Amino acid sequence: MTMKANILSRANRSPNTSTPQNTPANNAPISSRAQQPGAGIGSIKEEDVDRLTAASIFAQNPKLVSMMQSKLGSLVGRSSGYIESLPPSVRRRVAGLKGVQKDHAKLEAEFQEEVLELEKRFFAKFTPLYEKRAKIVNGVAEPSEEEVKIGEQDEEDDEDEDAEPVEKNNEEPAEPVKGIPEFWLSAMKNSSLAETITEKDEEALRHLTDIRMEYLDRPGFRLIFEFEENEFFTNKTISKTYFYQEENGYGGDFIYDHAEGDKIDWKSGKDLTVKIESKKQRNKNTKQTRVVKKTTPTPSFFDFFNPPSPPKGDDDDAASDVEAKLELDYQLGEDIKEKLIPRAIDWFTGEALQFEQGFDEDLDDADFEDEDDEEDDDLSEDRDDEDESDEEGDGSKPKQETAECKQS
């Protein structure tokens with residue numbers, strides 16, 4: 001997972017784009033709903049049949065697949081013989097270009113380092129704004145009149161003239177409301193993290209008071225979740241750290257290495273990552289009964305702090321599954337760092353979703369049609385062509401059918 005940088009496109013990149021120096025080579029799915037596209041039986045073409053036949057053969061012959069993979073693996077990095085066939089003077093120039101490329105790689109690495117330092121410098125300027133936000137969210141401070149005025153003007157500018165106005169609540173409750181309740185939970189449920197949050201998780205995440213980020217002394221970053229006292233765990237903060245390799249990769253990119261999460265100190269019976277099942281057993285001889293408790297893992301947002309480890313061994317299926325989990329884990333961390341933390345208020349209100357979906361909304365539905373309909377049209381045209389050919393071959397004029405008009 002190589003982290004690529006492009007500072008020139010940083011200002012114009014889409015909301016779905018990761019931090020320049022932290023972008024994986026393979027984009028991880030944002031939503032766990034992402035599914036591999038499939039083809040219906042009616043839409044399978046001749047070349048698809050050939051591929052399906054080949055896939056069936058390979059599925060039934062795992063040894064053949066293993067042999068082919070081994071053979072292909074042995075060819076990686078092996079010279080085709082072309083370079084060696086060049087005259088000595090040309091090979092000398094090729095070697096010289098490799099030397100020039102080495103100098104280019106050094107400058108790329110320097111570029112990446114400077115981009116990171118620039119991000120750190122501006123992050124220091126953002127930090128006071130994040131601290132002010134935390135105070136307002138948690139009821140420690142109130143926004144200034146000027147800040148409220150600017151925010152209200154922004155709301156008016158964003159209002160859709162065609163949409164029906166939503167009636168606002170103008171009554172204050174008898175009991176004063178402190179800060180903005182469930183701010184971070186609401187923001188997270190509007191983001192890519194929503195798929196990871198269960199109903200039980202929500203009870204714990206209501207106690208989340210802030211999410212912060214900090215850079216490491218080495219390449220990498222740390223996400224810090226702050227909680228008020230709650231019934232689920234004793235941790236005041238739960239952190240997760242993303243590490244990159246010390247050595248830069250090809251093109252000077254930072255290479256993602258691994259992530260580490262804090263251990264959560266769950267209170268008795270409150271661990272949201274496991275399910276406890278009680279089963280009553282009776283002794284056949286004494287007829288006495290006992291209750292056996294079995295603990296099984298259950299999906300939870302808090303699995304985020306127990307990231308998967310890089311794959312080991314030769315099990316390709318297991319390695320592929322772990323690799324997918326690693327990519328998803330990394331992407332969630334990037335989303336928190338690049339989207340949720342900087343624009344938390346937009347995720348809380350749901351406005352950020354408009355930017356996420358903006359590209360799709362800009363495309364006119366009339367410009368698209370279902371592929372199945374397109375294929376049906378092609379088949380219809382083919383049939384028409386065949387009918388015309390038959391009629392021309394007979395030398396007869398097409399029969400003109402008279403439409404029958406029925407009146408009631």
# chains A, B, ... in the order shown; residues from 1 in each chain; ligands from 1
call {"tool": "residues_around", "arguments": {"residues": "A:Thr234", "least_positions_apart": "2", "cutoff": "12 Å", "atoms": "only C-alpha atoms", "output": "list of chain:residue names"}}
result
A:Ala204, A:His207, A:Glu226, A:Phe227, A:Glu228, A:Glu229, A:Asn230, A:Glu231, A:Phe232, A:Lys236, A:Thr237, A:Ile238, A:Lys263, A:Ile264, A:Asp265, A:Trp266, A:Lys267, A:Ser268, A:Lys270, A:Asp271
call {"tool": "write_last_selection", "arguments": {"atoms": "C-alpha atoms", "output": "mmCIF file, in the first residue's frame"}}
result
data_model
loop_
_atom_site.group_PDB
_atom_site.id
_atom_site.type_symbol
_atom_site.label_atom_id
_atom_site.label_comp_id
_atom_site.auth_asym_id
_atom_site.auth_seq_id
_atom_site.Cartn_x
_atom_site.Cartn_y
_atom_site.Cartn_z
ATOM 1 C CA ALA A 204 -21.036 3.869 24.517
ATOM 2 C CA HIS A 207 -20.068 9.414 25.877
ATOM 3 C CA GLU A 226 -11.746 11.031 24.366
ATOM 4 C CA PHE A 227 -14.591 9.743 26.554
ATOM 5 C CA GLU A 228 -16.359 10.978 29.637
ATOM 6 C CA GLU A 229 -16.947 8.560 32.494
ATOM 7 C CA ASN A 230 -19.270 5.771 31.383
ATOM 8 C CA GLU A 231 -20.591 2.316 32.306
ATOM 9 C CA PHE A 232 -18.645 0.441 29.607
ATOM 10 C CA LYS A 236 -10.485 8.204 29.429
ATOM 11 C CA THR A 237 -8.867 8.054 25.988
ATOM 12 C CA ILE A 238 -8.521 5.265 23.430
ATOM 13 C CA LYS A 263 -6.270 -2.031 24.965
ATOM 14 C CA ILE A 264 -9.791 -1.235 26.151
ATOM 15 C CA ASP A 265 -10.348 -1.859 29.862
ATOM 16 C CA TRP A 266 -13.921 -3.120 29.749
ATOM 17 C CA LYS A 267 -15.999 -3.163 32.884
ATOM 18 C CA SER A 268 -17.447 -6.519 33.953
ATOM 19 C CA LYS A 270 -19.798 -4.642 29.313
ATOM 20 C CA ASP A 271 -17.412 -5.765 26.552
#
call {"tool": "select_by_dssp", "arguments": {"residues": "stretch 95-288 of chain A", "states": "alpha helix (DSSP H)", "output": "ChimeraX atom specification"}}
result
/A:95-137,145-158,183-189,199-205
call {"tool": "atom_distance", "arguments": {"atom1": "atom CA of A:Glu260", "atom2": "atom CA of A:Thr241"}}
result
5.3 Å
call {"tool": "atom_distance", "arguments": {"atom1": "atom CA of A:Leu353", "atom2": "atom CA of A:Lys189"}}
result
11.2 Å
call {"tool": "closest_residue", "arguments": {"among": "A:Asn169, A:Thr209, A:Ser144, A:Asn306", "to": "A:Leu185", "atoms": "only C-alpha atoms"}}
result
A:Thr209
call {"tool": "residues_around", "arguments": {"residues": "A:Gln281", "least_positions_apart": "4", "cutoff": "9 Å", "atoms": "only C-alpha atoms", "output": "list in words"}}
result
Gln288, Thr289, Arg290, Val291 and Val292 of chain A
call {"tool": "write_last_selection", "arguments": {"atoms": "all heavy atoms", "output": "mmCIF file, in the first residue's frame"}}
result
data_model
loop_
_atom_site.group_PDB
_atom_site.id
_atom_site.type_symbol
_atom_site.label_atom_id
_atom_site.label_comp_id
_atom_site.auth_asym_id
_atom_site.auth_seq_id
_atom_site.Cartn_x
_atom_site.Cartn_y
_atom_site.Cartn_z
ATOM 1 N N GLN A 288 -27.340 -33.148 38.518
ATOM 2 C CA GLN A 288 -27.141 -31.749 38.896
ATOM 3 C C GLN A 288 -26.968 -30.899 37.625
ATOM 4 O O GLN A 288 -26.486 -31.371 36.604
ATOM 5 C CB GLN A 288 -25.904 -31.609 39.788
ATOM 6 C CG GLN A 288 -26.072 -32.228 41.170
ATOM 7 C CD GLN A 288 -24.836 -32.026 42.022
ATOM 8 O OE1 GLN A 288 -23.738 -31.869 41.510
ATOM 9 N NE2 GLN A 288 -25.010 -32.028 43.334
ATOM 10 N N THR A 289 -27.363 -29.656 37.743
ATOM 11 C CA THR A 289 -27.269 -28.747 36.591
ATOM 12 C C THR A 289 -26.232 -27.661 36.856
ATOM 13 O O THR A 289 -25.967 -27.306 38.011
ATOM 14 C CB THR A 289 -28.626 -28.085 36.296
ATOM 15 O OG1 THR A 289 -29.045 -27.334 37.439
ATOM 16 C CG2 THR A 289 -29.663 -29.127 35.932
ATOM 17 N N ARG A 290 -25.687 -27.190 35.788
ATOM 18 C CA ARG A 290 -24.746 -26.070 35.880
ATOM 19 C C ARG A 290 -24.942 -25.163 34.660
ATOM 20 O O ARG A 290 -25.436 -25.588 33.625
ATOM 21 C CB ARG A 290 -23.296 -26.557 35.930
ATOM 22 C CG ARG A 290 -22.835 -27.234 34.658
ATOM 23 C CD ARG A 290 -21.365 -27.579 34.703
ATOM 24 N NE ARG A 290 -20.920 -28.171 33.436
ATOM 25 C CZ ARG A 290 -19.655 -28.508 33.184
ATOM 26 N NH1 ARG A 290 -18.725 -28.342 34.113
ATOM 27 N NH2 ARG A 290 -19.335 -29.028 32.007
ATOM 28 N N VAL A 291 -24.539 -23.903 34.818
ATOM 29 C CA VAL A 291 -24.658 -22.934 33.733
ATOM 30 C C VAL A 291 -23.267 -22.652 33.178
ATOM 31 O O VAL A 291 -22.361 -22.247 33.912
ATOM 32 C CB VAL A 291 -25.309 -21.620 34.218
ATOM 33 C CG1 VAL A 291 -25.332 -20.596 33.078
ATOM 34 C CG2 VAL A 291 -26.716 -21.882 34.730
ATOM 35 N N VAL A 292 -23.084 -22.912 31.891
ATOM 36 C CA VAL A 292 -21.804 -22.680 31.212
ATOM 37 C C VAL A 292 -21.930 -21.446 30.335
ATOM 38 O O VAL A 292 -22.859 -21.334 29.532
ATOM 39 C CB VAL A 292 -21.404 -23.897 30.352
ATOM 40 C CG1 VAL A 292 -20.105 -23.621 29.609
ATOM 41 C CG2 VAL A 292 -21.282 -25.134 31.221
#
call {"tool": "atom_distance", "arguments": {"atom1": "atom CA of A:Glu108", "atom2": "atom CA of A:Gly252"}}
result
4.9 Å
call {"tool": "residues_around", "arguments": {"residues": "A:Pro310", "least_positions_apart": "6", "cutoff": "10 Å", "atoms": "only C-alpha atoms", "output": "MDAnalysis selection string"}}
result
chainID A and resid 257:259 319 322:323 325:326
call {"tool": "residues_around", "arguments": {"residues": "A:Lys294", "least_positions_apart": "2", "cutoff": "12 Å", "atoms": "only C-alpha atoms", "output": "mmCIF file with C-alpha atoms, in the first residue's frame"}}
result
data_model
loop_
_atom_site.group_PDB
_atom_site.id
_atom_site.type_symbol
_atom_site.label_atom_id
_atom_site.label_comp_id
_atom_site.auth_asym_id
_atom_site.auth_seq_id
_atom_site.Cartn_x
_atom_site.Cartn_y
_atom_site.Cartn_z
ATOM 1 C CA VAL A 274 -18.043 -10.196 22.462
ATOM 2 C CA LYS A 275 -21.341 -11.943 23.033
ATOM 3 C CA ILE A 276 -21.844 -14.090 26.127
ATOM 4 C CA GLU A 277 -24.172 -17.041 25.721
ATOM 5 C CA SER A 278 -25.356 -19.002 28.746
ATOM 6 C CA LYS A 279 -26.144 -22.675 28.359
ATOM 7 C CA LYS A 280 -27.580 -24.974 31.041
ATOM 8 C CA VAL A 291 -24.658 -22.934 33.733
ATOM 9 C CA VAL A 292 -21.804 -22.680 31.212
ATOM 10 C CA THR A 296 -17.963 -15.458 21.070
ATOM 11 C CA PRO A 297 -16.740 -12.414 19.084
#
call {"tool": "closest_residue", "arguments": {"among": "A:Lys312, A:Phe305, A:Tyr250, A:Ile180", "to": "A:Ala105", "atoms": "only C-alpha atoms"}}
result
A:Tyr250
call {"tool": "select_by_dssp", "arguments": {"residues": "stretch 214-339 of chain A", "states": "strand (DSSP E)", "output": "number ranges by chain"}}
result
A: 214-215, 220-227, 237-244, 254-261, 274-282, 289-297
call {"tool": "write_last_selection", "arguments": {"atoms": "C-alpha atoms", "output": "compact mmCIF listing (two decimals), in the first residue's frame"}}
result
# COMPACT_ATOMS: atom_id res chain seq x y z
CA GLU A 214 -1.58 14.13 16.10
CA TYR A 215 1.46 13.48 13.93
CA GLY A 220 2.57 8.27 10.73
CA PHE A 221 -0.29 9.66 12.79
CA ARG A 222 -2.34 8.89 15.90
CA LEU A 223 -6.12 9.13 16.35
CA ILE A 224 -7.26 9.90 19.91
CA PHE A 225 -10.84 9.28 21.09
CA GLU A 226 -11.75 11.03 24.37
CA PHE A 227 -14.59 9.74 26.55
CA THR A 237 -8.87 8.05 25.99
CA ILE A 238 -8.52 5.27 23.43
CA SER A 239 -5.89 5.76 20.74
CA LYS A 240 -4.97 4.11 17.48
CA THR A 241 -1.65 4.75 15.76
CA TYR A 242 -0.86 4.29 12.07
CA PHE A 243 2.81 3.68 11.29
CA TYR A 244 4.66 4.03 8.00
CA PHE A 254 5.57 6.81 2.29
CA ILE A 255 4.68 3.14 2.67
CA TYR A 256 2.02 2.12 5.19
CA ASP A 257 3.38 -0.48 7.58
CA HIS A 258 0.89 -1.33 10.34
CA ALA A 259 -1.48 0.04 12.99
CA GLU A 260 -1.66 -0.43 16.76
CA GLY A 261 -4.61 0.25 19.05
CA VAL A 274 -18.04 -10.20 22.46
CA LYS A 275 -21.34 -11.94 23.03
CA ILE A 276 -21.84 -14.09 26.13
CA GLU A 277 -24.17 -17.04 25.72
CA SER A 278 -25.36 -19.00 28.75
CA LYS A 279 -26.14 -22.68 28.36
CA LYS A 280 -27.58 -24.97 31.04
CA GLN A 281 -26.05 -28.47 31.30
CA ARG A 282 -27.27 -31.49 33.34
CA THR A 289 -27.27 -28.75 36.59
CA ARG A 290 -24.75 -26.07 35.88
CA VAL A 291 -24.66 -22.93 33.73
CA VAL A 292 -21.80 -22.68 31.21
CA LYS A 293 -21.02 -19.29 29.70
CA LYS A 294 -19.54 -19.19 26.21
CA THR A 295 -17.91 -16.05 24.82
CA THR A 296 -17.96 -15.46 21.07
CA PRO A 297 -16.74 -12.41 19.08
call {"tool": "decode", "arguments": {"residues": "stretch 238-253 of chain A", "atoms": "all heavy atoms", "output": "mmCIF file, in the first residue's frame"}}
result
data_model
loop_
_atom_site.group_PDB
_atom_site.id
_atom_site.type_symbol
_atom_site.label_atom_id
_atom_site.label_comp_id
_atom_site.auth_asym_id
_atom_site.auth_seq_id
_atom_site.Cartn_x
_atom_site.Cartn_y
_atom_site.Cartn_z
ATOM 1 N N ILE A 238 -8.887 6.484 24.158
ATOM 2 C CA ILE A 238 -8.521 5.265 23.430
ATOM 3 C C ILE A 238 -7.877 5.721 22.128
ATOM 4 O O ILE A 238 -8.494 6.461 21.351
ATOM 5 C CB ILE A 238 -9.739 4.371 23.127
ATOM 6 C CG1 ILE A 238 -10.535 4.097 24.408
ATOM 7 C CG2 ILE A 238 -9.296 3.060 22.495
ATOM 8 C CD1 ILE A 238 -11.808 3.287 24.180
ATOM 9 N N SER A 239 -6.645 5.296 21.905
ATOM 10 C CA SER A 239 -5.892 5.762 20.744
ATOM 11 C C SER A 239 -5.625 4.642 19.755
ATOM 12 O O SER A 239 -5.617 3.462 20.102
ATOM 13 C CB SER A 239 -4.547 6.374 21.180
ATOM 14 O OG SER A 239 -4.743 7.439 22.078
ATOM 15 N N LYS A 240 -5.401 5.045 18.518
ATOM 16 C CA LYS A 240 -4.971 4.114 17.479
ATOM 17 C C LYS A 240 -3.906 4.818 16.646
ATOM 18 O O LYS A 240 -4.109 5.956 16.204
ATOM 19 C CB LYS A 240 -6.138 3.692 16.596
ATOM 20 C CG LYS A 240 -5.725 2.647 15.551
ATOM 21 C CD LYS A 240 -6.937 2.113 14.818
ATOM 22 C CE LYS A 240 -6.546 1.045 13.821
ATOM 23 N NZ LYS A 240 -7.720 0.479 13.126
ATOM 24 N N THR A 241 -2.792 4.147 16.436
ATOM 25 C CA THR A 241 -1.648 4.754 15.755
ATOM 26 C C THR A 241 -1.362 4.037 14.449
ATOM 27 O O THR A 241 -1.297 2.806 14.413
ATOM 28 C CB THR A 241 -0.400 4.709 16.662
ATOM 29 O OG1 THR A 241 -0.718 5.276 17.938
ATOM 30 C CG2 THR A 241 0.738 5.492 16.035
ATOM 31 N N TYR A 242 -1.203 4.814 13.396
ATOM 32 C CA TYR A 242 -0.864 4.288 12.071
ATOM 33 C C TYR A 242 0.608 4.589 11.785
ATOM 34 O O TYR A 242 1.018 5.758 11.799
ATOM 35 C CB TYR A 242 -1.746 4.920 10.999
ATOM 36 C CG TYR A 242 -3.170 4.414 11.019
ATOM 37 C CD1 TYR A 242 -4.113 4.970 11.880
ATOM 38 C CD2 TYR A 242 -3.570 3.377 10.192
ATOM 39 C CE1 TYR A 242 -5.422 4.503 11.908
ATOM 40 C CE2 TYR A 242 -4.878 2.902 10.206
ATOM 41 C CZ TYR A 242 -5.797 3.472 11.064
ATOM 42 O OH TYR A 242 -7.089 3.001 11.089
ATOM 43 N N PHE A 243 1.384 3.548 11.535
ATOM 44 C CA PHE A 243 2.812 3.683 11.288
ATOM 45 C C PHE A 243 3.136 3.469 9.816
ATOM 46 O O PHE A 243 2.525 2.630 9.146
ATOM 47 C CB PHE A 243 3.597 2.652 12.112
ATOM 48 C CG PHE A 243 3.477 2.829 13.601
ATOM 49 C CD1 PHE A 243 2.531 2.117 14.325
ATOM 50 C CD2 PHE A 243 4.314 3.707 14.279
ATOM 51 C CE1 PHE A 243 2.417 2.262 15.695
ATOM 52 C CE2 PHE A 243 4.195 3.868 15.653
ATOM 53 C CZ PHE A 243 3.251 3.144 16.366
ATOM 54 N N TYR A 244 4.132 4.237 9.342
ATOM 55 C CA TYR A 244 4.661 4.031 8.000
ATOM 56 C C TYR A 244 6.104 3.558 8.113
ATOM 57 O O TYR A 244 6.771 3.781 9.126
ATOM 58 C CB TYR A 244 4.593 5.321 7.182
ATOM 59 C CG TYR A 244 3.196 5.821 7.005
ATOM 60 C CD1 TYR A 244 2.718 6.908 7.738
ATOM 61 C CD2 TYR A 244 2.317 5.184 6.141
ATOM 62 C CE1 TYR A 244 1.417 7.350 7.604
ATOM 63 C CE2 TYR A 244 1.014 5.615 5.999
ATOM 64 C CZ TYR A 244 0.571 6.693 6.723
ATOM 65 O OH TYR A 244 -0.721 7.123 6.598
ATOM 66 N N GLN A 245 6.585 2.922 7.079
ATOM 67 C CA GLN A 245 7.952 2.421 7.089
ATOM 68 C C GLN A 245 8.936 3.589 7.068
ATOM 69 O O GLN A 245 8.649 4.646 6.514
ATOM 70 C CB GLN A 245 8.188 1.498 5.889
ATOM 71 C CG GLN A 245 7.342 0.229 5.922
ATOM 72 C CD GLN A 245 7.582 -0.670 4.731
ATOM 73 O OE1 GLN A 245 8.535 -0.490 3.979
ATOM 74 N NE2 GLN A 245 6.692 -1.645 4.542
ATOM 75 N N GLU A 246 10.095 3.377 7.673
ATOM 76 C CA GLU A 246 11.107 4.429 7.745
ATOM 77 C C GLU A 246 11.648 4.756 6.354
ATOM 78 O O GLU A 246 11.940 5.908 6.041
ATOM 79 C CB GLU A 246 12.259 3.999 8.669
ATOM 80 C CG GLU A 246 11.849 3.834 10.129
ATOM 81 C CD GLU A 246 11.571 5.159 10.813
ATOM 82 O OE1 GLU A 246 11.839 6.222 10.199
ATOM 83 O OE2 GLU A 246 11.074 5.158 11.946
ATOM 84 N N GLU A 247 11.794 3.732 5.515
ATOM 85 C CA GLU A 247 12.328 3.929 4.176
ATOM 86 C C GLU A 247 11.201 4.329 3.222
ATOM 87 O O GLU A 247 10.114 3.767 3.254
ATOM 88 C CB GLU A 247 12.990 2.645 3.675
ATOM 89 C CG GLU A 247 14.220 2.229 4.476
ATOM 90 C CD GLU A 247 15.373 3.199 4.302
ATOM 91 O OE1 GLU A 247 15.486 3.804 3.216
ATOM 92 O OE2 GLU A 247 16.163 3.357 5.263
ATOM 93 N N ASN A 248 11.490 5.309 2.368
ATOM 94 C CA ASN A 248 10.514 5.711 1.362
ATOM 95 C C ASN A 248 10.437 4.671 0.253
ATOM 96 O O ASN A 248 11.416 3.988 -0.040
ATOM 97 C CB ASN A 248 10.890 7.070 0.763
ATOM 98 C CG ASN A 248 10.791 8.188 1.773
ATOM 99 O OD1 ASN A 248 11.631 8.334 2.635
ATOM 100 N ND2 ASN A 248 9.748 8.985 1.666
ATOM 101 N N GLY A 249 9.271 4.564 -0.356
ATOM 102 C CA GLY A 249 9.089 3.607 -1.431
ATOM 103 C C GLY A 249 9.425 4.200 -2.776
ATOM 104 O O GLY A 249 10.056 5.258 -2.890
ATOM 105 N N TYR A 250 8.993 3.535 -3.834
ATOM 106 C CA TYR A 250 9.247 3.989 -5.199
ATOM 107 C C TYR A 250 8.594 5.352 -5.411
ATOM 108 O O TYR A 250 7.454 5.566 -5.069
ATOM 109 C CB TYR A 250 8.658 2.980 -6.190
ATOM 110 C CG TYR A 250 8.933 3.327 -7.633
ATOM 111 C CD1 TYR A 250 10.170 3.061 -8.203
ATOM 112 C CD2 TYR A 250 7.955 3.924 -8.420
ATOM 113 C CE1 TYR A 250 10.435 3.372 -9.524
ATOM 114 C CE2 TYR A 250 8.197 4.248 -9.737
ATOM 115 C CZ TYR A 250 9.448 3.976 -10.295
ATOM 116 O OH TYR A 250 9.699 4.300 -11.601
ATOM 117 N N GLY A 251 9.347 6.286 -5.954
ATOM 118 C CA GLY A 251 8.807 7.625 -6.168
ATOM 119 C C GLY A 251 8.826 8.469 -4.911
ATOM 120 O O GLY A 251 8.236 9.543 -4.869
ATOM 121 N N GLY A 252 9.516 7.999 -3.862
ATOM 122 C CA GLY A 252 9.607 8.770 -2.627
ATOM 123 C C GLY A 252 8.395 8.665 -1.744
ATOM 124 O O GLY A 252 8.271 9.378 -0.739
ATOM 125 N N ASP A 253 7.444 7.784 -2.103
ATOM 126 C CA ASP A 253 6.204 7.667 -1.337
ATOM 127 C C ASP A 253 6.442 7.068 0.039
ATOM 128 O O ASP A 253 7.345 6.255 0.237
ATOM 129 C CB ASP A 253 5.199 6.776 -2.081
ATOM 130 C CG ASP A 253 4.882 7.303 -3.468
ATOM 131 O OD1 ASP A 253 4.893 8.525 -3.620
ATOM 132 O OD2 ASP A 253 4.638 6.490 -4.370
#
